[in-house]
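Have a look at the structure below before the remarks.
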Amino acid sequence: MMTTAALPTLFGKTAVRIHCVGVAGMGLGPLAVYLSRSGWQVSGEDDSLDAAAAETGPGAPAAAELRERLLESGVRLEPLPEACDLVVTSSAVLQSHPTVLAARQRGLSIVRRGELLAEVVKDKRLVAVCGSHGKTTTTAMLASALRASGALSTGLAGEPPPLSFGFILGGLPARREFPLAQVAGAEGAWVVAEVDESDGTIEHFTPEITLCVNLDWDHVDHYPSEDALRATFGALFAKTRRAVLINAACPLSQTLAAETAAVPVFRFGDRRDGAVGEGGANPVGEGGGFTGEITAEGGDSLRLALGGRFEIASAELRASGRFNALNATAALAAVQLMGAQLHTHLLAKFPGVRRRQTRLSDLGGLRVIEDYAHHPAEIRALLAELRRDAGKRLYVCFQPHRYSRTAQFKRELAEALSSADHVFLIDVYGAGESPVEGGTTADLAREFAEGGATYCRSDEALLAALGRTVAQASCVAFVGAGNIDAKARAWLALWRARFWDEFAQELRGVVSAETKLTREEPLARKTTMLVGGAARVYAEPRSVEELQRVLRSAHARGVPVFPIGRGSNLIVPDEGVEGLVISLSAPEWAKFEVREDGRIYVSAGLRLKNLCGLAAKAGIAGFEFLEGIPGSVGGALRMNAGAMGAWIFDAVELLEFITLAGEVVTRRVDELHVGYRHCAELAEGAIALGALLRSGAQVDTEAVARQIDVYRKKRVESQPREPSAGCIFKNPEGDSAGRLIDSAGLKGLRVGGAEVSAVHANFIVNRDHATASEVLELVAQVQARVLAAHGVALEPEARLFGKDWSEVAELSDLASASSSTRQKGETK
C-alpha cells in the first residue's frame, strides 16, 4: 500500500522524483518498488524490459514478471524524464551509459543502488543480510517468517506484540502473491534488506543486526584479494549496533567477527558445525549458538530440530536441502533476536525464490530446474543436492557470470560442474563488463576433460544439443546468474510441445477412430463457471477397455491425469491444464439400469438431472434432491455431492472405479472413506466408473414429480442464475460459509468480471467475461476478509483443476492481496 507520509530528504536534499537505470536488476527492481510504495515518484528503464513486455503470465522469464510487478507498484517505465531529482543505477550499469551521461550533463545527482538503499533505511533498524551465497533466500525466509509471525500473533498476555517491519528482497518470490517489498513504516521500525558487497556500497550501512550467511572470495573486479574482502566485512561487523549472526561452518566469518565486532556474536548452523553451547565467537558480550538439524525430509518440505538459544524446539520449512535448512536456521534466529514471536510454522508456507532450485517441470519423469548459482562453492552445493534425486543422468546448462569471475575461477568452476554427467556451456553474461583475457566461455570449456562439456555458441546450438541428448537424463539444470532462465523456458516450451505431440500420437494408436482425442482442447465451455484455458491432451474414451489403455499409456509416461465431468465444481486456470484430461461423456457412460432386485446401476457419465428424471419416471423415490445439481454421477461421487440434507453416498451400495494405473476396482460402501464433500478413494486420483444404488420406495410417479418441482423452485429462489462453480467454500463446522461472507458485507464484491453473488454469498459468479485469475483473486479476497472479520479460514469446495489451492495463495498473504484489489477499484 502506498504511503502518504512526508518524504524524508535524501543525501541532505529534497528529492521527490527518482529515476532508476537498470530497474530490471534484482537489486534495483525491489528497491524501486519500495520507493514507490513509500511515496516517491519513481520511473525506470532497462534494456531487458523491451523483450520482457511481450511475455506475461505463469512461466514467463523473471524480467517479464518483474516488469509486471514494477507497473503494479506505480513505477513508470520510461526514459529519463524531464522532471527528475535523483538518478540511481544498478551495479551492472556503466558510467558510460547514455542515461548516466545525460543525467550528468543536466547536473543531476547520480548514486548507486546500495548508496540509495543505505540512505533510505538510515532511520530504521536494519537487519542487513550479507555474504557470498544464500543471502537472497535467507532474506526472503526472514521476510516470510516475520509476515507469518504477525499473522499468527494472538495478542495474549505475555506474548510480544507484532513488530513494525518492512523488507526489500533481492530476488523474485516463486509465488506471485508474495510482495517484492513492504514499507517499513515509522522511524525506528525494522527493515530487512539484502546488502550486496559486489560494488563496495556495503560500506555505507550501519545495521542493527548483521546476518552474514558465509564468506568466500568473490567479485574479483572489486576485491583484488581476500584481504580486501575481509576489510570490508570487518568494517560492517564493527559498525553493527546490536548483534552479529554468523555461519558456524565459516571460519573466515568467525575470525572476522572475533576481531572486529563490539556486540554479541551468535553462531547459527548444525551442531556438527559448532553452533552449540553458550560461548560466543566474540570475547565482547555473551554470544551463543542457534542450531537447526534436519529430522525429517520429504518432497519439498523439511522438519528441523532447533536447539541452542532457540525458544522453540522445532520448525517446519517448505524447501529442501541442507543449505536451505541452514538458511532457515539463520532467518529464525534473526526473528528471535528482533523480538518477534517464534512459531513452529513460520516457514511452513515459505514461498521460495525464483531461480533458487526452482522446479520448472517434472513432466514425463524429467525434472527441470533453474538456479542462480554462479560461484564454484554454490554450484558444488547445488549439484550435490541434485545428485541425490537424479537416478539416471544429470545434465547442466551453465552460463558463466562476468568475465572477471570466469577468468579467476574457471578451473574451480569446471571442477564443480564436472560432477554432472554432461555440461552445456553458453556465452558469458557480462553484466556490464567487457571481455577480459582468459575469461570467455571458450576458456572455461578448455578446463574440462575431453567430452565433459559442450560449448554451444548460440541459442539454436543449445536447443539442438539438448534435443539430441535429453531423453537420457532424469534431471536438466539451467544454472547461472545471467539470462539463462529465459533460455530454460524457451527450451522447455519446445520440449513440452514435442512431448505432448508424441503422447497424443501414442494414444491415437490405442483408441478407436470414433473416440475424440485432441491437443489443446478448450475447457472453459466444459465447465459451469465458463473460465480457463485448454487441456494439453483431451480424450473421451468409449469403453472401459479404451480407458484402461489410455490410463496405462499415461502411467508409463508419467503423465498427470485429470477426470472432468460436467464441470460444475471446477475452476480451470487461465493457463489450462498440464496433463491428460479425460471425459466420460460418450453415450456408453450414461447407463441407468434398474436391476431385478430393485437396485439401480448408474454410470459415471450420467447427468444427475437425468438420474433424477429417470428415477421419477420409474416411480422410484429418494433421488429428488439431485434435481438442479449441474453435474454428473462421477463428479457427484468424487465430491459426495448433496443438497436438501441428503448426500449421494446415502444411496450407494457399491462403487466401481479405475485407478490411474488402469486397474478396475469395486468396493462396498462400508469399505470407503467418505465424508463431507469428499471420497478419499476418488480424491487420490482414481476415476469413478459407476455405482450400484439402493432404490427408494416405489411411489406414485406424480408424487415424485411434485417433490422435484418443490426442490427446483427452492433452488431457483436461493441460487444465482449466472455462471458459477456452485458453492465456492465448504461450510465450517457448525456454521455456514454463506452467512459468514454475507455478514462480512461482501455480497457484490467484484474483481474484474467475477462477483460475489447478491443472491447467495457462497457463490462467485461470472458476471462479465471473467478470467480464472479474477475468480481466484476474488476467492483470496473473500478468505482474507472473512478471516479478519470472524477469525474463520474458509476452505474452497470447488476444485482448482490441475492444481492445488496452496499453489495460488497463502492465507498469510491474503491481507496484502486484499489491499491490492481495493487499489484496483473493486465495486460493491
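All residue names refer to the C-alpha cells as shown: chains lettered A, B, ... in order, residues numbered from 1 in each chain, ligands numbered from 1 in order.
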
Write out as a JSON list (two decimals) with N, CA, C and O atoms, in the first residue's frame which residues come within 8 Å of Phe562 (chain A) when counting only C-alpha atoms, dropping same-chain ones fewer than 6 positions away.
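File produced: selection_12.json:
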[["chain", "number", "residue", "atom", "x", "y", "z"],
["A", 579, "GLY", "N", -1.68, -31.66, -18.48],
["A", 579, "GLY", "CA", -1.88, -33.08, -18.30],
["A", 579, "GLY", "C", -2.89, -33.62, -19.30],
["A", 579, "GLY", "O", -3.27, -32.95, -20.27],
["A", 580, "LEU", "N", -3.31, -34.86, -19.06],
["A", 580, "LEU", "CA", -4.34, -35.52, -19.86],
["A", 580, "LEU", "C", -5.68, -35.35, -19.16],
["A", 580, "LEU", "O", -5.84, -35.77, -18.01],
["A", 581, "VAL", "N", -6.62, -34.72, -19.82],
["A", 581, "VAL", "CA", -7.97, -34.55, -19.27],
["A", 581, "VAL", "C", -8.87, -35.59, -19.92],
["A", 581, "VAL", "O", -8.92, -35.70, -21.15],
["A", 582, "ILE", "N", -9.56, -36.36, -19.07],
["A", 582, "ILE", "CA", -10.42, -37.45, -19.55],
["A", 582, "ILE", "C", -11.87, -37.13, -19.21],
["A", 582, "ILE", "O", -12.20, -36.80, -18.06],
["A", 685, "GLY", "N", -7.06, -39.69, -7.06],
["A", 685, "GLY", "CA", -6.73, -39.77, -8.47],
["A", 685, "GLY", "C", -7.51, -40.82, -9.26],
["A", 685, "GLY", "O", -7.49, -40.80, -10.48],
["A", 801, "PHE", "N", -8.75, -26.97, -11.03],
["A", 801, "PHE", "CA", -8.46, -28.09, -11.91],
["A", 801, "PHE", "C", -7.00, -28.12, -12.32],
["A", 801, "PHE", "O", -6.46, -27.15, -12.87],
["A", 802, "GLY", "N", -6.35, -29.24, -12.04],
["A", 802, "GLY", "CA", -4.96, -29.43, -12.41],
["A", 802, "GLY", "C", -3.97, -28.84, -11.44],
["A", 802, "GLY", "O", -2.76, -28.95, -11.64]]

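Around Val244 (chain A), within 8 Å and counting only C-alpha atoms, the residues found are Ile209, Thr210, Leu211, Cys212, Phe237, Ala257, Ala261, Val263, Pro264, Val265 and Phe266 of chain A, once anything fewer than 6 positions away on its own chain is removed.
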
So that I have them on file, write out the residues from the current selection with all heavy atoms, as a tab-separated table (two decimals), in the first residue's frame.
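Printed below is part-v1.tsv as written:
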chain	number	residue	atom	x	y	z
A	209	ILE	N	21.30	-5.32	13.18
A	209	ILE	CA	21.72	-6.73	13.20
A	209	ILE	C	22.35	-7.04	11.85
A	209	ILE	O	21.79	-6.70	10.80
A	209	ILE	CB	20.53	-7.68	13.46
A	209	ILE	CG1	19.94	-7.44	14.85
A	209	ILE	CG2	20.97	-9.14	13.32
A	209	ILE	CD1	18.66	-8.23	15.11
A	210	THR	N	23.50	-7.68	11.87
A	210	THR	CA	24.11	-8.17	10.64
A	210	THR	C	24.03	-9.68	10.63
A	210	THR	O	24.47	-10.34	11.57
A	210	THR	CB	25.58	-7.73	10.54
A	210	THR	OG1	25.64	-6.31	10.42
A	210	THR	CG2	26.25	-8.35	9.32
A	211	LEU	N	23.44	-10.22	9.56
A	211	LEU	CA	23.34	-11.67	9.37
A	211	LEU	C	24.23	-12.02	8.19
A	211	LEU	O	23.90	-11.71	7.04
A	211	LEU	CB	21.89	-12.08	9.11
A	211	LEU	CG	21.51	-13.56	9.19
A	211	LEU	CD1	20.00	-13.73	9.11
A	211	LEU	CD2	22.17	-14.41	8.12
A	212	CYS	N	25.36	-12.63	8.47
A	212	CYS	CA	26.32	-13.00	7.42
A	212	CYS	C	26.20	-14.49	7.14
A	212	CYS	O	26.56	-15.32	7.99
A	212	CYS	CB	27.74	-12.64	7.85
A	212	CYS	SG	28.98	-12.95	6.58
A	237	PHE	N	30.91	-5.47	10.40
A	237	PHE	CA	30.72	-6.06	11.73
A	237	PHE	C	30.99	-5.01	12.82
A	237	PHE	O	30.29	-4.94	13.82
A	237	PHE	CB	31.64	-7.25	11.92
A	237	PHE	CG	31.33	-8.44	11.05
A	237	PHE	CD1	32.26	-9.46	10.89
A	237	PHE	CD2	30.13	-8.54	10.37
A	237	PHE	CE1	31.99	-10.56	10.10
A	237	PHE	CE2	29.84	-9.64	9.57
A	237	PHE	CZ	30.77	-10.65	9.42
A	257	ALA	N	34.53	-11.76	12.91
A	257	ALA	CA	33.64	-11.29	13.98
A	257	ALA	C	34.39	-11.17	15.29
A	257	ALA	O	34.20	-10.22	16.05
A	257	ALA	CB	32.46	-12.24	14.11
A	261	ALA	N	33.85	-7.21	15.86
A	261	ALA	CA	32.53	-6.88	16.38
A	261	ALA	C	32.62	-6.40	17.82
A	261	ALA	O	33.34	-6.96	18.64
A	261	ALA	CB	31.59	-8.08	16.28
A	263	VAL	N	29.71	-6.09	19.56
A	263	VAL	CA	28.40	-6.53	20.07
A	263	VAL	C	28.42	-8.05	20.15
A	263	VAL	O	29.33	-8.70	19.62
A	263	VAL	CB	27.27	-6.05	19.12
A	263	VAL	CG1	27.15	-4.54	19.13
A	263	VAL	CG2	27.48	-6.58	17.70
A	264	PRO	N	27.42	-8.64	20.82
A	264	PRO	CA	27.38	-10.11	20.88
A	264	PRO	C	27.34	-10.74	19.49
A	264	PRO	O	26.68	-10.25	18.58
A	264	PRO	CB	26.09	-10.40	21.65
A	264	PRO	CG	25.87	-9.19	22.48
A	264	PRO	CD	26.36	-8.03	21.64
A	265	VAL	N	28.07	-11.84	19.36
A	265	VAL	CA	28.11	-12.59	18.10
A	265	VAL	C	27.44	-13.94	18.34
A	265	VAL	O	27.78	-14.65	19.28
A	265	VAL	CB	29.56	-12.79	17.62
A	265	VAL	CG1	29.60	-13.67	16.38
A	265	VAL	CG2	30.22	-11.45	17.35
A	266	PHE	N	26.49	-14.27	17.49
A	266	PHE	CA	25.75	-15.52	17.62
A	266	PHE	C	26.02	-16.38	16.39
A	266	PHE	O	25.93	-15.91	15.26
A	266	PHE	CB	24.25	-15.25	17.73
A	266	PHE	CG	23.86	-14.41	18.91
A	266	PHE	CD1	23.84	-13.03	18.80
A	266	PHE	CD2	23.54	-14.99	20.12
A	266	PHE	CE1	23.49	-12.24	19.88
A	266	PHE	CE2	23.18	-14.21	21.20
A	266	PHE	CZ	23.15	-12.84	21.09

Give me, as CSV, the closest atom pair and its distance (Å, one decimal) for every residue of region 513-550 of chain A within a cut-off of 8 Å of region 651-665 of chain A, counting only C-alpha atoms, rows sorted by chain and rising number.
residue,atom,partner,partner_atom,distance
A:Leu547,CA,A:Gly662,CA,7.6
A:Gln548,CA,A:Gly662,CA,4.6
A:Arg549,CA,A:Gly662,CA,7.2

### Message
If we count only C-alpha atoms and set the cut-off at 10 Å, which residues sit around region 458-471 of chain A, ignoring sequence neighbours fewer than 6 positions away in its own chain? Please answer as JSON, numbers by chain.
### Response
{"A": [366, 393, 394, 395, 397, 422, 424, 425, 426, 427, 487, 488, 490, 491, 492, 494, 495]}

### Long-range neighbours of Ala788 (chain A) as a ChimeraX atom specification, 10 Å cut-off, only C-alpha atoms, 5 positions minimum in chain
/A:744,782-783,793,815

Write the selection just made, keeping N, CA, C and O atoms, as an mmCIF file, in the first residue's frame?
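Output (part.cif):
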data_model
loop_
_atom_site.group_PDB
_atom_site.id
_atom_site.type_symbol
_atom_site.label_atom_id
_atom_site.label_comp_id
_atom_site.auth_asym_id
_atom_site.auth_seq_id
_atom_site.Cartn_x
_atom_site.Cartn_y
_atom_site.Cartn_z
ATOM 1 N N ALA A 744 -19.948 -10.367 6.610
ATOM 2 C CA ALA A 744 -18.750 -9.536 6.409
ATOM 3 C C ALA A 744 -18.986 -8.444 5.372
ATOM 4 O O ALA A 744 -18.081 -7.663 5.059
ATOM 5 N N VAL A 782 -12.149 -12.830 -0.439
ATOM 6 C CA VAL A 782 -13.194 -13.284 0.484
ATOM 7 C C VAL A 782 -12.574 -14.009 1.676
ATOM 8 O O VAL A 782 -12.946 -13.781 2.836
ATOM 9 N N GLN A 783 -11.616 -14.888 1.417
ATOM 10 C CA GLN A 783 -10.952 -15.594 2.516
ATOM 11 C C GLN A 783 -10.318 -14.613 3.492
ATOM 12 O O GLN A 783 -10.455 -14.747 4.710
ATOM 13 N N ALA A 793 -11.012 -19.427 8.754
ATOM 14 C CA ALA A 793 -10.318 -19.640 7.486
ATOM 15 C C ALA A 793 -11.195 -20.514 6.593
ATOM 16 O O ALA A 793 -11.338 -21.713 6.830
ATOM 17 N N ALA A 815 -4.043 -10.724 3.211
ATOM 18 C CA ALA A 815 -4.318 -9.347 3.606
ATOM 19 C C ALA A 815 -3.717 -8.366 2.609
ATOM 20 O O ALA A 815 -4.341 -7.388 2.219
#

#### Entry: Residues within 7 Å of region 121-130 of chain A, only C-alpha atoms, excluding chain neighbours under 5 positions, as a PyMOL selection string
chain A and resi 135+139+187-196+207-213

Generate the output file for the selected residues, C-alpha atoms, as a PDB file, in the first residue's frame.
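Listed below is the output, again-v8.pdb:
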ATOM      1  CA  LYS A 135      21.579 -14.183   1.134  1.00  0.00           C
ATOM      2  CA  THR A 139      16.280 -12.522   3.186  1.00  0.00           C
ATOM      3  CA  GLU A 187      11.066   5.961  12.127  1.00  0.00           C
ATOM      4  CA  GLY A 188      12.670   3.226  14.192  1.00  0.00           C
ATOM      5  CA  ALA A 189      10.756   0.385  12.560  1.00  0.00           C
ATOM      6  CA  TRP A 190      12.652  -2.708  11.493  1.00  0.00           C
ATOM      7  CA  VAL A 191      13.581  -3.233   7.869  1.00  0.00           C
ATOM      8  CA  VAL A 192      15.155  -6.357   6.397  1.00  0.00           C
ATOM      9  CA  ALA A 193      17.274  -5.968   3.285  1.00  0.00           C
ATOM     10  CA  GLU A 194      19.839  -7.872   1.290  1.00  0.00           C
ATOM     11  CA  VAL A 195      23.079  -5.900   1.321  1.00  0.00           C
ATOM     12  CA  ASP A 196      25.261  -6.527  -1.720  1.00  0.00           C
ATOM     13  CA  PRO A 207      22.966  -2.272  10.696  1.00  0.00           C
ATOM     14  CA  GLU A 208      21.171  -3.022  13.925  1.00  0.00           C
ATOM     15  CA  ILE A 209      21.721  -6.726  13.201  1.00  0.00           C
ATOM     16  CA  THR A 210      24.113  -8.168  10.641  1.00  0.00           C
ATOM     17  CA  LEU A 211      23.340 -11.670   9.370  1.00  0.00           C
ATOM     18  CA  CYS A 212      26.317 -13.000   7.424  1.00  0.00           C
ATOM     19  CA  VAL A 213      25.423 -16.244   5.671  1.00  0.00           C
TER      20      VAL A 213
END

### Message
With distances taken over only C-alpha atoms, which residue among A:Ala789, A:Ala481, A:Val633, A:Val779 lies nearest Asp742 (chain A)?
### Response
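With only C-alpha atoms as the atom set, the closest residue is A:Ala789.
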